[in-house]
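Let me begin by presenting the structure, written as structure tokens, before commenting on it.
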Amino acid sequence: MSVHNETRRVTVPEIRAHKGKEPVVCLTCYHAHTARLLDDHVDLMLVGDSLGMVMHGLENTLGVTLDMMITHGKAVMRGSKRALVVVDMPFGSYEESPAIAFRNAARVIQETGATAVKMEGGARMAETIRYLTQRGIPVMGHIGLTPQTVHVTGGFRTTGRTPEEWPAIEADAKAVAEAGAFAMVLEGMAEPLAAKITAEVAVPTIGIGASPACDGQILVMEDMLGLNPNPPKFVREYAHLGPAIEAAVKAYASDVRSRSFPGTENVYPMKRSKP
Ligand code: KIV
């Protein structure tokens with residue numbers, strides 16, 4: 001029996017086909033209302049584990065759990081119809097072995113309905129990326145600055161500033177692409193290296209703080225909307241929602257305190273008694 005499904009989502013091969021062509025438009029998204037607003041304008045929404053910091057006030061992404069990712073993944077899927085939705089694998093859910101990564105990624109795909117997962121790490125994750133893709137789970141890679149290794153690197157530091165660093169990062173990019181990732185995030189990477197990797201790998205590179213040389217771009221939505229009081233330096237703010245929300249709440253508080261609140265006469269019209 002064929003099932004007619006009106007929802008037509010962007011597919012993984014369609015994202016791959018952007019390589020060397022029109023840039024891929026990506027944003028992070030964590031909830032249903034914003035998913036609905038983004039849906040017609042982006043190719044890919046990432047339910048990033050940055051949600052731990054943005055939505056839950058954590059200091060870094062290490063405290064994010066698989067259940068948190070699944071909850072937000074479901075919300076984004078409910079709010080969207082068109083964009084490809086990718087859910088981040090949180091710290092501790094995929095590094096141990098390909099089989100454990102598959103089990104947890106399968107849970108994400110089954111419970112959220114999202115199309116793909118993303119995982120951090122280069123050459124060390126190649127075996128896992130291959131294992132998942134060969135078993136039906138599309139994987140987006142993530143190399144360069146990898147926030148889940150913050151305690152090893154000692155901070156969020158731009159990668160590839162000196163040519164000595166390049167060979168290891170290029171090897172990561174090639175290993176991720178050859179293992180079958182359909183795209184890869186290049187985070188916090190010096191432009192010449194991002195450009196070199198983009199020319200070297202056959203899949204789209206999606207930059208965040210990695211220059212326009214990449215095949216696409218991603219930003220944390222709250223950063224580009226001006227909701228983060230301390231956004232990363234590379235972020236261009238397209239709106240200033242932080243100050244706008246504060247002004248709106250201030251006006252509301254003033255209305256409540258002065259009792260200048262709209263009445264309900266038009267909302268619940270009283271039945272007039274006959275004269
Ligand atoms: O978690 C996240 O939002 C990400 C993006 C910054 C790429 O990984």
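Scheme for the structure tokens: letters A, B, ... for chains in order shown; per-chain residue numbers from 1; ligand numbers from 1 in order shown.
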Sel. of strand (DSSP E or B) residues, stretch 98-194 of chain A, as an mmCIF file with C-alpha atoms, in the first residue's frame:
```cif
data_model
loop_
_atom_site.group_PDB
_atom_site.id
_atom_site.type_symbol
_atom_site.label_atom_id
_atom_site.label_comp_id
_atom_site.auth_asym_id
_atom_site.auth_seq_id
_atom_site.Cartn_x
_atom_site.Cartn_y
_atom_site.Cartn_z
ATOM 1 C CA ALA A 116 19.763 12.630 10.222
ATOM 2 C CA VAL A 117 22.090 13.030 13.173
ATOM 3 C CA LYS A 118 25.245 15.078 13.670
ATOM 4 C CA GLY A 121 34.925 14.443 15.776
ATOM 5 C CA VAL A 139 25.345 11.538 9.472
ATOM 6 C CA MET A 140 26.542 15.120 9.381
ATOM 7 C CA GLY A 141 30.130 15.522 10.602
ATOM 8 C CA HIS A 142 31.493 18.340 12.764
ATOM 9 C CA ILE A 143 35.199 19.192 12.876
ATOM 10 C CA GLY A 144 37.484 22.086 13.849
ATOM 11 C CA THR A 159 41.447 26.148 14.830
ATOM 12 C CA ALA A 183 27.926 17.214 4.920
ATOM 13 C CA MET A 184 30.177 18.521 7.658
ATOM 14 C CA VAL A 185 30.195 21.507 9.965
ATOM 15 C CA LEU A 186 33.488 23.422 10.085
ATOM 16 C CA GLU A 187 33.383 25.352 13.339
ATOM 17 C CA MET A 189 38.257 27.646 11.606
#
```
**Request:** Please provide as a ChimeraX atom specification all residues within 9 Å of A:Pro204, with the sequence filter that same-chain residues fewer than 5 positions apart are discarded (counting only C-alpha atoms).
**Result:** /A:15-20,23-24,182-185,198,214-216
Store the residues picked out above in a file with all heavy atoms, as an mmCIF file, in the first residue's frame.
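Printed below is selection.cif as written:
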```cif
data_model
loop_
_atom_site.group_PDB
_atom_site.id
_atom_site.type_symbol
_atom_site.label_atom_id
_atom_site.label_comp_id
_atom_site.auth_asym_id
_atom_site.auth_seq_id
_atom_site.Cartn_x
_atom_site.Cartn_y
_atom_site.Cartn_z
ATOM 1 N N ILE A 15 20.782 17.977 -0.203
ATOM 2 C CA ILE A 15 21.797 18.790 0.502
ATOM 3 C C ILE A 15 23.172 18.518 -0.114
ATOM 4 O O ILE A 15 23.929 19.449 -0.411
ATOM 5 C CB ILE A 15 21.802 18.473 2.020
ATOM 6 C CG1 ILE A 15 20.468 18.841 2.681
ATOM 7 C CG2 ILE A 15 22.982 19.173 2.721
ATOM 8 C CD1 ILE A 15 20.144 20.325 2.753
ATOM 9 N N ARG A 16 23.478 17.256 -0.350
ATOM 10 C CA ARG A 16 24.775 16.898 -0.969
ATOM 11 C C ARG A 16 24.958 17.587 -2.310
ATOM 12 O O ARG A 16 26.047 18.006 -2.672
ATOM 13 C CB ARG A 16 24.840 15.384 -1.214
ATOM 14 C CG ARG A 16 25.255 14.583 -0.035
ATOM 15 C CD ARG A 16 25.462 13.158 -0.476
ATOM 16 N NE ARG A 16 26.804 12.985 -0.994
ATOM 17 C CZ ARG A 16 27.659 12.097 -0.526
ATOM 18 N NH1 ARG A 16 27.314 11.298 0.449
ATOM 19 N NH2 ARG A 16 28.855 11.994 -1.047
ATOM 20 N N ALA A 17 23.853 17.698 -3.061
ATOM 21 C CA ALA A 17 23.914 18.253 -4.418
ATOM 22 C C ALA A 17 24.240 19.745 -4.422
ATOM 23 O O ALA A 17 24.507 20.323 -5.476
ATOM 24 C CB ALA A 17 22.597 17.990 -5.142
ATOM 25 N N HIS A 18 24.232 20.384 -3.250
ATOM 26 C CA HIS A 18 24.611 21.806 -3.187
ATOM 27 C C HIS A 18 26.124 21.989 -3.354
ATOM 28 O O HIS A 18 26.586 23.113 -3.531
ATOM 29 C CB HIS A 18 24.208 22.410 -1.839
ATOM 30 C CG HIS A 18 22.768 22.830 -1.757
ATOM 31 N ND1 HIS A 18 22.369 24.125 -1.962
ATOM 32 C CD2 HIS A 18 21.655 22.133 -1.490
ATOM 33 C CE1 HIS A 18 21.053 24.214 -1.815
ATOM 34 N NE2 HIS A 18 20.596 23.008 -1.524
ATOM 35 N N LYS A 19 26.870 20.903 -3.226
ATOM 36 C CA LYS A 19 28.341 21.032 -3.280
ATOM 37 C C LYS A 19 28.784 21.839 -4.496
ATOM 38 O O LYS A 19 28.452 21.474 -5.638
ATOM 39 C CB LYS A 19 28.977 19.633 -3.314
ATOM 40 C CG LYS A 19 30.502 19.673 -3.343
ATOM 41 C CD LYS A 19 31.082 20.154 -2.012
ATOM 42 C CE LYS A 19 32.557 20.468 -2.079
ATOM 43 N NZ LYS A 19 33.086 20.979 -0.800
ATOM 44 N N GLY A 20 29.507 22.919 -4.222
ATOM 45 C CA GLY A 20 30.035 23.751 -5.305
ATOM 46 C C GLY A 20 28.965 24.567 -6.027
ATOM 47 O O GLY A 20 29.250 25.204 -7.037
ATOM 48 N N PRO A 23 24.848 28.054 -1.998
ATOM 49 C CA PRO A 23 25.168 27.768 -0.595
ATOM 50 C C PRO A 23 23.978 27.187 0.190
ATOM 51 O O PRO A 23 22.826 27.549 -0.057
ATOM 52 C CB PRO A 23 25.581 29.130 -0.036
ATOM 53 C CG PRO A 23 26.048 29.893 -1.227
ATOM 54 C CD PRO A 23 25.200 29.435 -2.371
ATOM 55 N N VAL A 24 24.278 26.294 1.122
ATOM 56 C CA VAL A 24 23.242 25.660 1.945
ATOM 57 C C VAL A 24 22.924 26.588 3.116
ATOM 58 O O VAL A 24 23.822 27.008 3.851
ATOM 59 C CB VAL A 24 23.726 24.302 2.515
ATOM 60 C CG1 VAL A 24 22.563 23.527 3.124
ATOM 61 C CG2 VAL A 24 24.422 23.467 1.453
ATOM 62 N N PHE A 182 27.204 13.145 4.920
ATOM 63 C CA PHE A 182 26.623 13.819 3.755
ATOM 64 C C PHE A 182 26.964 15.306 3.718
ATOM 65 O O PHE A 182 26.760 15.987 2.717
ATOM 66 C CB PHE A 182 25.100 13.610 3.705
ATOM 67 C CG PHE A 182 24.323 14.322 4.770
ATOM 68 C CD1 PHE A 182 23.855 15.619 4.556
ATOM 69 C CD2 PHE A 182 24.057 13.721 5.990
ATOM 70 C CE1 PHE A 182 23.138 16.285 5.543
ATOM 71 C CE2 PHE A 182 23.339 14.375 6.987
ATOM 72 C CZ PHE A 182 22.880 15.665 6.753
ATOM 73 N N ALA A 183 27.493 15.812 4.809
ATOM 74 C CA ALA A 183 27.926 17.214 4.920
ATOM 75 C C ALA A 183 28.732 17.296 6.206
ATOM 76 O O ALA A 183 28.689 16.364 7.022
ATOM 77 C CB ALA A 183 26.725 18.155 4.987
ATOM 78 N N MET A 184 29.459 18.386 6.375
ATOM 79 C CA MET A 184 30.177 18.521 7.658
ATOM 80 C C MET A 184 30.233 19.980 8.086
ATOM 81 O O MET A 184 30.428 20.876 7.254
ATOM 82 C CB MET A 184 31.586 17.920 7.580
ATOM 83 C CG MET A 184 32.571 18.683 6.760
ATOM 84 S SD MET A 184 34.162 17.829 6.688
ATOM 85 C CE MET A 184 33.828 16.581 5.465
ATOM 86 N N VAL A 185 30.044 20.172 9.381
ATOM 87 C CA VAL A 185 30.195 21.507 9.965
ATOM 88 C C VAL A 185 31.689 21.763 10.166
ATOM 89 O O VAL A 185 32.410 20.906 10.677
ATOM 90 C CB VAL A 185 29.451 21.590 11.319
ATOM 91 C CG1 VAL A 185 29.811 22.876 12.065
ATOM 92 C CG2 VAL A 185 27.943 21.489 11.106
ATOM 93 N N THR A 198 37.224 22.877 1.922
ATOM 94 C CA THR A 198 36.034 22.951 1.055
ATOM 95 C C THR A 198 36.395 22.509 -0.366
ATOM 96 O O THR A 198 35.610 21.814 -1.025
ATOM 97 C CB THR A 198 35.449 24.380 1.081
ATOM 98 O OG1 THR A 198 35.068 24.669 2.439
ATOM 99 C CG2 THR A 198 34.237 24.527 0.183
ATOM 100 N N CYS A 214 32.988 28.491 2.817
ATOM 101 C CA CYS A 214 32.322 27.186 2.945
ATOM 102 C C CYS A 214 31.149 27.064 1.968
ATOM 103 O O CYS A 214 30.700 28.052 1.393
ATOM 104 C CB CYS A 214 31.823 27.005 4.385
ATOM 105 S SG CYS A 214 33.165 27.083 5.576
ATOM 106 N N ASP A 215 30.643 25.824 1.820
ATOM 107 C CA ASP A 215 29.515 25.576 0.901
ATOM 108 C C ASP A 215 28.176 25.990 1.495
ATOM 109 O O ASP A 215 27.145 25.919 0.817
ATOM 110 C CB ASP A 215 29.433 24.082 0.566
ATOM 111 C CG ASP A 215 30.663 23.598 -0.189
ATOM 112 O OD1 ASP A 215 30.962 24.168 -1.246
ATOM 113 O OD2 ASP A 215 31.323 22.643 0.292
ATOM 114 N N GLY A 216 28.148 26.358 2.749
ATOM 115 C CA GLY A 216 26.918 26.789 3.398
ATOM 116 C C GLY A 216 27.274 27.397 4.738
ATOM 117 O O GLY A 216 28.449 27.394 5.139
#
```
**Asked** When the cut-off is 9 Å and you count only C-alpha atoms and all ligand atoms, which residues lie near ligand 1, shown as a count of residues only?
**Response** 29
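If you measure from each of A:Ile169, A:Ala202, A:Ala177, A:Ile245 to A:Ala190 using only C-alpha atoms, the closest one turns out to be A:Ile169.
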**Asked** What is the distance, in Å and to one decimal place, between atom CA of A:Glu222 and atom CA of A:Thr34?
**Response**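 One can read the atom CA of A:Glu222 to atom CA of A:Thr34 distance as 10.3 Å.
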**Request:** Just the alpha helix (DSSP H) stuff from stretch 49-130 of chain A, please, per backbone DSSP, written as a PyMOL selection string.
**Result:** chain A and resi 51-54+66-79+98-112+126-130
**Request:** Point out the residue among A:Glu111, A:Glu265, A:Glu246, A:Glu22 with the least atom-to-atom distance to A:Thr71, counting only C-alpha atoms.
**Result:** A:Glu111
**Item:** For atom CA of A:Ala195 and atom CA of A:Leu145, the interatomic separation in Å (one decimal)
**Value:**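 It comes out at 15.8 Å.
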**Asked** atom CA of A:Asp43 to atom CA of A:Leu84: how many Å, to one decimal?
**Response**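 Distance reported for this atom pair: 6.3 Å.
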**Asked** Using only C-alpha atoms, which residue out of A:His56, A:Glu237, A:Pro13, A:Val152 lies closest to A:Tyr30?
**Response**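 Looking at the shortest contact to A:Tyr30, the residue is A:His56.
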**Contact residues around A:Tyr238 with only C-alpha atoms at 10 Å, ignoring same-chain residues under 6 positions, as a ChimeraX atom specification** = /A:221,223-226
Would you mind exporting the chosen residues as a PDB file, in the first residue's frame, restricted to C-alpha atoms?
```
ATOM      1  CA  MET A 221      19.373  31.243  15.717  1.00  0.00           C
ATOM      2  CA  ASP A 223      22.645  34.627  18.324  1.00  0.00           C
ATOM      3  CA  MET A 224      21.618  36.026  14.929  1.00  0.00           C
ATOM      4  CA  LEU A 225      18.336  37.304  16.393  1.00  0.00           C
ATOM      5  CA  GLY A 226      20.131  39.341  19.028  1.00  0.00           C
TER       6      GLY A 226
END
```
Please identify all polymer residues within 7 Å of stretch 191-193 of chain A, counting only C-alpha atoms, omitting same-chain residues fewer than 6 positions from it, and present them as a PDB file with N, CA, C and O atoms, in the first residue's frame.
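And here's around_13.pdb as it stands now:
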```
ATOM      1  N   GLY A 160      43.240  26.021  13.201  1.00  0.00           N
ATOM      2  CA  GLY A 160      43.875  26.250  11.900  1.00  0.00           C
ATOM      3  C   GLY A 160      44.506  27.612  11.732  1.00  0.00           C
ATOM      4  O   GLY A 160      44.704  28.079  10.619  1.00  0.00           O
ATOM      5  N   TRP A 166      47.263  22.398  10.198  1.00  0.00           N
ATOM      6  CA  TRP A 166      46.395  22.054   9.070  1.00  0.00           C
ATOM      7  C   TRP A 166      46.312  20.561   8.729  1.00  0.00           C
ATOM      8  O   TRP A 166      45.205  20.049   8.530  1.00  0.00           O
ATOM      9  N   ALA A 210      33.721  30.185  10.239  1.00  0.00           N
ATOM     10  CA  ALA A 210      34.738  29.557   9.384  1.00  0.00           C
ATOM     11  C   ALA A 210      34.777  30.209   8.009  1.00  0.00           C
ATOM     12  O   ALA A 210      35.261  29.591   7.063  1.00  0.00           O
ATOM     13  N   SER A 211      34.252  31.423   7.899  1.00  0.00           N
ATOM     14  CA  SER A 211      34.337  32.239   6.681  1.00  0.00           C
ATOM     15  C   SER A 211      33.314  31.870   5.613  1.00  0.00           C
ATOM     16  O   SER A 211      32.781  30.764   5.618  1.00  0.00           O
ATOM     17  N   ALA A 213      33.941  31.042   2.734  1.00  0.00           N
ATOM     18  CA  ALA A 213      34.530  30.089   1.776  1.00  0.00           C
ATOM     19  C   ALA A 213      33.799  28.738   1.785  1.00  0.00           C
ATOM     20  O   ALA A 213      33.957  27.942   0.864  1.00  0.00           O
TER      21      ALA A 213
END
```
**Item:** Shortest interatomic distance to A:Arg78 - which of A:Glu165, A:Glu178, A:Asp39, A:Glu200, counting only C-alpha atoms
**Value:**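 Of A:Glu165, A:Glu178, A:Asp39, A:Glu200, the one nearest A:Arg78, counting only C-alpha atoms, is A:Asp39.
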